[in-house]
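Note sheet for the following structure.
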Amino acid sequence: MTEKTELFNSLKKKVADTLRGRLRRDEKLRAVCRLLKGNVSYYDWVGFYLVDKTRSRELVLGPYEGEPTEHTRIPFGTGVCGQAAERKQTFLVQDVSKETNYLSCSKNVKSEIVVPLLRRGAVVGELDVDSHEPSPFTEEDEAFLKRIAEMTSNLL
Ligand code: SME
């Protein structure tokens with residue numbers, strides 16, 4: 001097993017333990033962000049966007065770890081986050097300078113992956129990871145983050 005596989009397996013267990021625990025929903029989501037950002041060297045910003053229950057087709061920034069972002073509300077279709085929500089599919093951008101429909105949070109960010117959280121086929125939120133490294137995300141990251149998204153979508 002590679003080091004990365006071992007790390008992801010151990011993080012999946014830690015996330016499962018956190019989600020089973022006694023914390024409140026947003027505290028659990030924040031703890032998940034902290035686990036991911038604190039243990040994967042190239043995850044520089046990790047956060048959840050949640051679908052606004054009153055204004056559908058709009059994402060609202062939820063718990064996150066990393067630098068504050070000005071993008072606290074994102075309509076479906078806008079940016080990498082809005083496109084992932086619209087398509088109900090993971091959106092992986094290995095080089096953000098090549099993505100025209102992109103909302104920049106910081107000049108340091110070089111790449112981003114956004115995984116939708118689904119409940120009964122509808123998008124209820126997203127897990128968003130930014131990296132300061134170009135092209136750091138592999139299929140293993142994608143599978144790992146999809147699993148974390150599935151686990152956390154049960155909270156929403
Ligand atoms: N870059 C995102 C906006 C959210 S920040 O990365 C935190 C986008 O293009 O939708």
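Identifiers for the structure tokens are assigned positionally: chains receive A, B, ... in sequence, residues are indexed from 1 per chain, and ligands are indexed from 1 in the order shown.
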
- Query: Within 7 Å of ligand 1, counting only C-alpha atoms and all ligand atoms, which protein or nucleic acid residues do you find, written as a list of chain:residue names?
  - Reply: A:Thr69, A:His71, A:Thr78, A:Gly79, A:Val80, A:Cys81, A:Gly82, A:Asn101, A:Tyr102, A:Leu103, A:Ser104, A:Cys105, A:Glu112, A:Asp128, A:Asp130

Go ahead and write the selection's residues with all heavy atoms as an mmCIF file, in the first residue's frame.
data_model
loop_
_atom_site.group_PDB
_atom_site.id
_atom_site.type_symbol
_atom_site.label_atom_id
_atom_site.label_comp_id
_atom_site.auth_asym_id
_atom_site.auth_seq_id
_atom_site.Cartn_x
_atom_site.Cartn_y
_atom_site.Cartn_z
ATOM 1 N N THR A 69 -12.629 33.700 2.471
ATOM 2 C CA THR A 69 -12.903 33.949 1.056
ATOM 3 C C THR A 69 -14.034 34.957 0.921
ATOM 4 O O THR A 69 -14.951 34.983 1.752
ATOM 5 C CB THR A 69 -13.280 32.648 0.319
ATOM 6 O OG1 THR A 69 -13.723 32.978 -0.995
ATOM 7 C CG2 THR A 69 -14.367 31.859 1.025
ATOM 8 N N HIS A 71 -16.052 34.817 -1.519
ATOM 9 C CA HIS A 71 -17.138 34.136 -2.243
ATOM 10 C C HIS A 71 -18.010 33.350 -1.260
ATOM 11 O O HIS A 71 -17.883 32.140 -1.119
ATOM 12 C CB HIS A 71 -16.568 33.234 -3.326
ATOM 13 C CG HIS A 71 -15.720 33.969 -4.296
ATOM 14 N ND1 HIS A 71 -16.244 34.951 -5.117
ATOM 15 C CD2 HIS A 71 -14.394 33.923 -4.552
ATOM 16 C CE1 HIS A 71 -15.264 35.457 -5.841
ATOM 17 N NE2 HIS A 71 -14.134 34.869 -5.523
ATOM 18 N N THR A 78 -22.015 29.384 -11.768
ATOM 19 C CA THR A 78 -20.917 30.351 -11.676
ATOM 20 C C THR A 78 -19.709 29.740 -10.969
ATOM 21 O O THR A 78 -19.852 29.125 -9.915
ATOM 22 C CB THR A 78 -21.373 31.614 -10.898
ATOM 23 O OG1 THR A 78 -22.475 32.190 -11.572
ATOM 24 C CG2 THR A 78 -20.259 32.637 -10.798
ATOM 25 N N GLY A 79 -18.525 29.945 -11.568
ATOM 26 C CA GLY A 79 -17.288 29.440 -10.964
ATOM 27 C C GLY A 79 -17.217 27.919 -11.032
ATOM 28 O O GLY A 79 -18.109 27.254 -11.578
ATOM 29 N N VAL A 80 -16.155 27.392 -10.474
ATOM 30 C CA VAL A 80 -15.966 25.940 -10.452
ATOM 31 C C VAL A 80 -17.038 25.315 -9.556
ATOM 32 O O VAL A 80 -17.641 24.290 -9.889
ATOM 33 C CB VAL A 80 -14.533 25.609 -9.948
ATOM 34 C CG1 VAL A 80 -14.328 24.118 -9.834
ATOM 35 C CG2 VAL A 80 -13.496 26.223 -10.890
ATOM 36 N N CYS A 81 -17.315 25.992 -8.422
ATOM 37 C CA CYS A 81 -18.327 25.478 -7.488
ATOM 38 C C CYS A 81 -19.703 25.448 -8.138
ATOM 39 O O CYS A 81 -20.421 24.442 -8.048
ATOM 40 C CB CYS A 81 -18.386 26.363 -6.239
ATOM 41 S SG CYS A 81 -16.921 26.228 -5.233
ATOM 42 N N GLY A 82 -20.076 26.554 -8.784
ATOM 43 C CA GLY A 82 -21.408 26.635 -9.402
ATOM 44 C C GLY A 82 -21.564 25.653 -10.549
ATOM 45 O O GLY A 82 -22.661 25.113 -10.768
ATOM 46 N N ASN A 101 -14.396 30.097 -16.380
ATOM 47 C CA ASN A 101 -15.497 30.298 -15.424
ATOM 48 C C ASN A 101 -14.979 29.928 -14.030
ATOM 49 O O ASN A 101 -15.238 28.843 -13.521
ATOM 50 C CB ASN A 101 -16.690 29.422 -15.831
ATOM 51 C CG ASN A 101 -17.950 29.756 -15.039
ATOM 52 O OD1 ASN A 101 -17.910 30.573 -14.122
ATOM 53 N ND2 ASN A 101 -19.050 29.123 -15.391
ATOM 54 N N TYR A 102 -14.249 30.867 -13.447
ATOM 55 C CA TYR A 102 -13.530 30.592 -12.193
ATOM 56 C C TYR A 102 -13.610 31.806 -11.284
ATOM 57 O O TYR A 102 -13.447 32.938 -11.745
ATOM 58 C CB TYR A 102 -12.063 30.253 -12.524
ATOM 59 C CG TYR A 102 -11.165 30.150 -11.315
ATOM 60 C CD1 TYR A 102 -11.330 29.116 -10.391
ATOM 61 C CD2 TYR A 102 -10.150 31.081 -11.085
ATOM 62 C CE1 TYR A 102 -10.509 29.025 -9.272
ATOM 63 C CE2 TYR A 102 -9.326 30.987 -9.973
ATOM 64 C CZ TYR A 102 -9.517 29.960 -9.071
ATOM 65 O OH TYR A 102 -8.711 29.864 -7.967
ATOM 66 N N LEU A 103 -13.844 31.584 -9.996
ATOM 67 C CA LEU A 103 -13.859 32.669 -9.004
ATOM 68 C C LEU A 103 -12.605 32.536 -8.150
ATOM 69 O O LEU A 103 -12.459 31.553 -7.417
ATOM 70 C CB LEU A 103 -15.098 32.547 -8.104
ATOM 71 C CG LEU A 103 -16.460 32.559 -8.797
ATOM 72 C CD1 LEU A 103 -17.560 32.155 -7.806
ATOM 73 C CD2 LEU A 103 -16.745 33.939 -9.371
ATOM 74 N N SER A 104 -11.722 33.503 -8.257
ATOM 75 C CA SER A 104 -10.459 33.403 -7.526
ATOM 76 C C SER A 104 -10.620 33.838 -6.075
ATOM 77 O O SER A 104 -11.230 34.862 -5.775
ATOM 78 C CB SER A 104 -9.415 34.284 -8.210
ATOM 79 O OG SER A 104 -8.252 34.319 -7.432
ATOM 80 N N CYS A 105 -10.075 33.042 -5.164
ATOM 81 C CA CYS A 105 -10.100 33.396 -3.741
ATOM 82 C C CYS A 105 -8.753 33.949 -3.325
ATOM 83 O O CYS A 105 -8.660 34.765 -2.422
ATOM 84 C CB CYS A 105 -10.385 32.169 -2.886
ATOM 85 S SG CYS A 105 -12.032 31.548 -3.102
ATOM 86 N N GLU A 112 -7.890 23.165 -8.104
ATOM 87 C CA GLU A 112 -9.089 23.042 -7.257
ATOM 88 C C GLU A 112 -9.885 21.794 -7.649
ATOM 89 O O GLU A 112 -9.936 21.438 -8.830
ATOM 90 C CB GLU A 112 -9.963 24.292 -7.469
ATOM 91 C CG GLU A 112 -11.293 24.255 -6.746
ATOM 92 C CD GLU A 112 -11.953 25.630 -6.653
ATOM 93 O OE1 GLU A 112 -11.494 26.569 -7.325
ATOM 94 O OE2 GLU A 112 -12.926 25.752 -5.895
ATOM 95 N N ASP A 128 -15.148 21.425 -1.232
ATOM 96 C CA ASP A 128 -14.255 22.179 -2.119
ATOM 97 C C ASP A 128 -12.833 22.149 -1.545
ATOM 98 O O ASP A 128 -12.642 22.468 -0.362
ATOM 99 C CB ASP A 128 -14.778 23.628 -2.188
ATOM 100 C CG ASP A 128 -13.958 24.514 -3.108
ATOM 101 O OD1 ASP A 128 -13.072 23.998 -3.814
ATOM 102 O OD2 ASP A 128 -14.216 25.734 -3.111
ATOM 103 N N ASP A 130 -8.886 23.549 -2.391
ATOM 104 C CA ASP A 130 -7.959 24.352 -3.201
ATOM 105 C C ASP A 130 -6.541 23.940 -2.855
ATOM 106 O O ASP A 130 -6.236 23.634 -1.689
ATOM 107 C CB ASP A 130 -8.074 25.838 -2.838
ATOM 108 C CG ASP A 130 -9.337 26.483 -3.373
ATOM 109 O OD1 ASP A 130 -10.041 25.852 -4.171
ATOM 110 O OD2 ASP A 130 -9.600 27.633 -2.966
#

Please list as a PyMOL selection string every residue within 9 Å of region 132-137 of chain A, counting only C-alpha atoms and excluding residues in the same chain fewer than 4 positions away.
chain A and resi 42-45+92-96+107-113+141-142

Please provide as a tab-separated table (two decimals) with C-alpha atoms, in the first residue's frame all residues within 9 Å of Leu118 (chain A), with the sequence filter that same-chain residues fewer than 2 positions apart are discarded (counting only C-alpha atoms).
chain	number	residue	atom	x	y	z
A	88	LYS	CA	-24.04	17.29	-10.25
A	116	PRO	CA	-21.04	17.63	-4.93
A	120	ARG	CA	-31.84	11.57	-3.27
A	121	GLY	CA	-30.28	12.76	-6.51
A	122	ALA	CA	-30.30	16.47	-5.57
A	123	VAL	CA	-27.24	18.59	-4.80
A	124	VAL	CA	-27.38	19.66	-1.15
A	125	GLY	CA	-23.83	20.94	-0.82
A	126	GLU	CA	-20.26	20.60	-1.97
A	149	ALA	CA	-18.62	13.76	0.41
A	150	GLU	CA	-20.90	10.68	0.60
A	153	SER	CA	-23.96	14.27	2.85
A	154	ASN	CA	-25.85	12.18	5.43

Which residues, written as an MDAnalysis selection string, have at least one atom at most 12 Å from Asp52 (chain A), with only C-alpha atoms counted and residues fewer than 2 positions away on the same chain left out?
-> chainID A and resid 49:50 54:62 72:76 123:126 156

Would you save the residues from that selection as a compact mmCIF listing (two decimals), in the first residue's frame, using N, CA, C and O atoms?
# COMPACT_ATOMS: atom_id res chain seq x y z
N TYR A 49 -19.60 24.14 0.87
CA TYR A 49 -20.66 25.06 0.47
C TYR A 49 -21.97 24.30 0.61
O TYR A 49 -22.03 23.10 0.30
N LEU A 50 -23.00 24.96 1.12
CA LEU A 50 -24.29 24.30 1.33
C LEU A 50 -25.33 24.98 0.44
O LEU A 50 -25.29 26.20 0.25
N THR A 54 -33.63 28.37 1.22
CA THR A 54 -34.68 29.33 0.90
C THR A 54 -34.54 29.86 -0.53
O THR A 54 -35.53 30.21 -1.16
N ARG A 55 -33.29 29.96 -0.99
CA ARG A 55 -33.09 30.43 -2.38
C ARG A 55 -32.38 29.30 -3.12
O ARG A 55 -31.16 29.20 -3.06
N SER A 56 -33.16 28.48 -3.79
CA SER A 56 -32.56 27.31 -4.41
C SER A 56 -31.63 27.77 -5.54
O SER A 56 -31.72 28.90 -6.01
N ARG A 57 -30.79 26.90 -5.97
CA ARG A 57 -29.78 27.19 -6.99
C ARG A 57 -28.80 28.27 -6.54
O ARG A 57 -28.31 29.06 -7.32
N GLU A 58 -28.53 28.30 -5.25
CA GLU A 58 -27.48 29.18 -4.74
C GLU A 58 -26.73 28.46 -3.62
O GLU A 58 -27.34 27.82 -2.76
N LEU A 59 -25.40 28.57 -3.67
CA LEU A 59 -24.55 27.95 -2.65
C LEU A 59 -24.15 28.99 -1.62
O LEU A 59 -23.84 30.14 -1.97
N VAL A 60 -24.15 28.58 -0.36
CA VAL A 60 -23.72 29.48 0.73
C VAL A 60 -22.51 28.84 1.40
O VAL A 60 -22.49 27.63 1.65
N LEU A 61 -21.51 29.66 1.69
CA LEU A 61 -20.31 29.14 2.34
C LEU A 61 -20.66 28.55 3.71
O LEU A 61 -21.34 29.19 4.51
N GLY A 62 -20.20 27.35 3.96
CA GLY A 62 -20.40 26.69 5.25
C GLY A 62 -19.07 26.65 5.98
O GLY A 62 -18.17 27.46 5.73
N THR A 72 -18.87 34.10 -0.57
CA THR A 72 -19.71 33.46 0.44
C THR A 72 -21.04 32.99 -0.14
O THR A 72 -21.73 32.18 0.49
N ARG A 73 -21.42 33.50 -1.30
CA ARG A 73 -22.63 33.04 -2.00
C ARG A 73 -22.29 32.87 -3.47
O ARG A 73 -21.74 33.79 -4.09
N ILE A 74 -22.60 31.70 -4.01
CA ILE A 74 -22.26 31.43 -5.41
C ILE A 74 -23.49 30.83 -6.11
O ILE A 74 -23.99 29.77 -5.70
N PRO A 75 -23.99 31.50 -7.15
CA PRO A 75 -25.13 30.92 -7.89
C PRO A 75 -24.70 29.67 -8.66
O PRO A 75 -23.56 29.60 -9.12
N PHE A 76 -25.63 28.71 -8.81
CA PHE A 76 -25.36 27.55 -9.66
C PHE A 76 -24.91 28.06 -11.03
O PHE A 76 -25.47 29.03 -11.55
N VAL A 123 -28.44 18.02 -5.43
CA VAL A 123 -27.24 18.59 -4.80
C VAL A 123 -27.66 19.34 -3.54
O VAL A 123 -28.52 20.23 -3.60
N VAL A 124 -27.06 18.96 -2.40
CA VAL A 124 -27.38 19.66 -1.15
C VAL A 124 -26.18 20.46 -0.63
O VAL A 124 -26.29 21.27 0.27
N GLY A 125 -25.03 20.22 -1.23
CA GLY A 125 -23.83 20.94 -0.82
C GLY A 125 -22.66 20.49 -1.65
O GLY A 125 -22.82 19.74 -2.62
N GLU A 126 -21.48 20.96 -1.24
CA GLU A 126 -20.26 20.60 -1.97
C GLU A 126 -19.07 20.59 -1.02
O GLU A 126 -19.05 21.36 -0.05
N LEU A 156 -26.68 16.37 5.97
CA LEU A 156 -27.41 17.53 5.42
C LEU A 156 -28.87 17.20 5.12
O LEU A 156 -29.25 16.06 5.01

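The space between CA of Val115 (chain A) and CA of Glu6 (chain A) spans 21.5 Å.
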
* To do: Could you please write out, as a PyMOL selection string, every residue of region 35-150 of chain A that DSSP assigns to alpha helix (DSSP H)?
  => chain A and resi 35-39+79-87+139-150

Put those residues in a file: C-alpha atoms, as an mmCIF file, in the first residue's frame.
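Printed below is part_24.cif as written:
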data_model
loop_
_atom_site.group_PDB
_atom_site.id
_atom_site.type_symbol
_atom_site.label_atom_id
_atom_site.label_comp_id
_atom_site.auth_asym_id
_atom_site.auth_seq_id
_atom_site.Cartn_x
_atom_site.Cartn_y
_atom_site.Cartn_z
ATOM 1 C CA LEU A 35 -8.647 16.713 9.407
ATOM 2 C CA LEU A 36 -8.224 17.028 5.653
ATOM 3 C CA LYS A 37 -6.341 20.331 5.568
ATOM 4 C CA GLY A 38 -4.145 19.373 8.528
ATOM 5 C CA ASN A 39 -3.061 16.006 7.136
ATOM 6 C CA GLY A 79 -17.288 29.440 -10.964
ATOM 7 C CA VAL A 80 -15.966 25.940 -10.452
ATOM 8 C CA CYS A 81 -18.327 25.478 -7.488
ATOM 9 C CA GLY A 82 -21.408 26.635 -9.402
ATOM 10 C CA GLN A 83 -20.549 24.454 -12.389
ATOM 11 C CA ALA A 84 -20.116 21.356 -10.217
ATOM 12 C CA ALA A 85 -23.520 22.066 -8.625
ATOM 13 C CA GLU A 86 -25.181 22.545 -12.008
ATOM 14 C CA ARG A 87 -23.719 19.357 -13.467
ATOM 15 C CA GLU A 139 -7.735 9.708 -9.218
ATOM 16 C CA GLU A 140 -7.028 8.602 -5.680
ATOM 17 C CA ASP A 141 -7.776 12.100 -4.354
ATOM 18 C CA GLU A 142 -10.969 12.168 -6.376
ATOM 19 C CA ALA A 143 -12.139 8.777 -5.045
ATOM 20 C CA PHE A 144 -11.165 9.763 -1.489
ATOM 21 C CA LEU A 145 -12.989 13.101 -1.602
ATOM 22 C CA LYS A 146 -16.066 11.464 -3.165
ATOM 23 C CA ARG A 147 -16.159 9.030 -0.245
ATOM 24 C CA ILE A 148 -15.848 11.903 2.268
ATOM 25 C CA ALA A 149 -18.623 13.759 0.410
ATOM 26 C CA GLU A 150 -20.895 10.675 0.603
#

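Atom pair CA of Pro68 (chain A) / CA of Gly21 (chain A) has a distance of 26.9 Å (rounded to one decimal).
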
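Put simply, CA of Glu65 (chain A) is 7.1 Å away from CA of Arg30 (chain A).
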
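If only C-alpha atoms are the atoms counted, then among A:Leu127, A:Val32, A:Val114, A:Val40 the closest residue to Lys4 (chain A) is A:Val40.
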
TODO: Using backbone DSSP assignments, extract all strand (DSSP E or B) residues from region 56-148 of chain A; output them as an MDAnalysis selection string.
DONE: chainID A and resid 58:65 73:75 91:93 111:119 122:131

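If you measure from each of A:Leu7, A:Ala31, A:Val129, A:Leu117 to Val46 (chain A) using only C-alpha atoms, the closest one turns out to be A:Val129.
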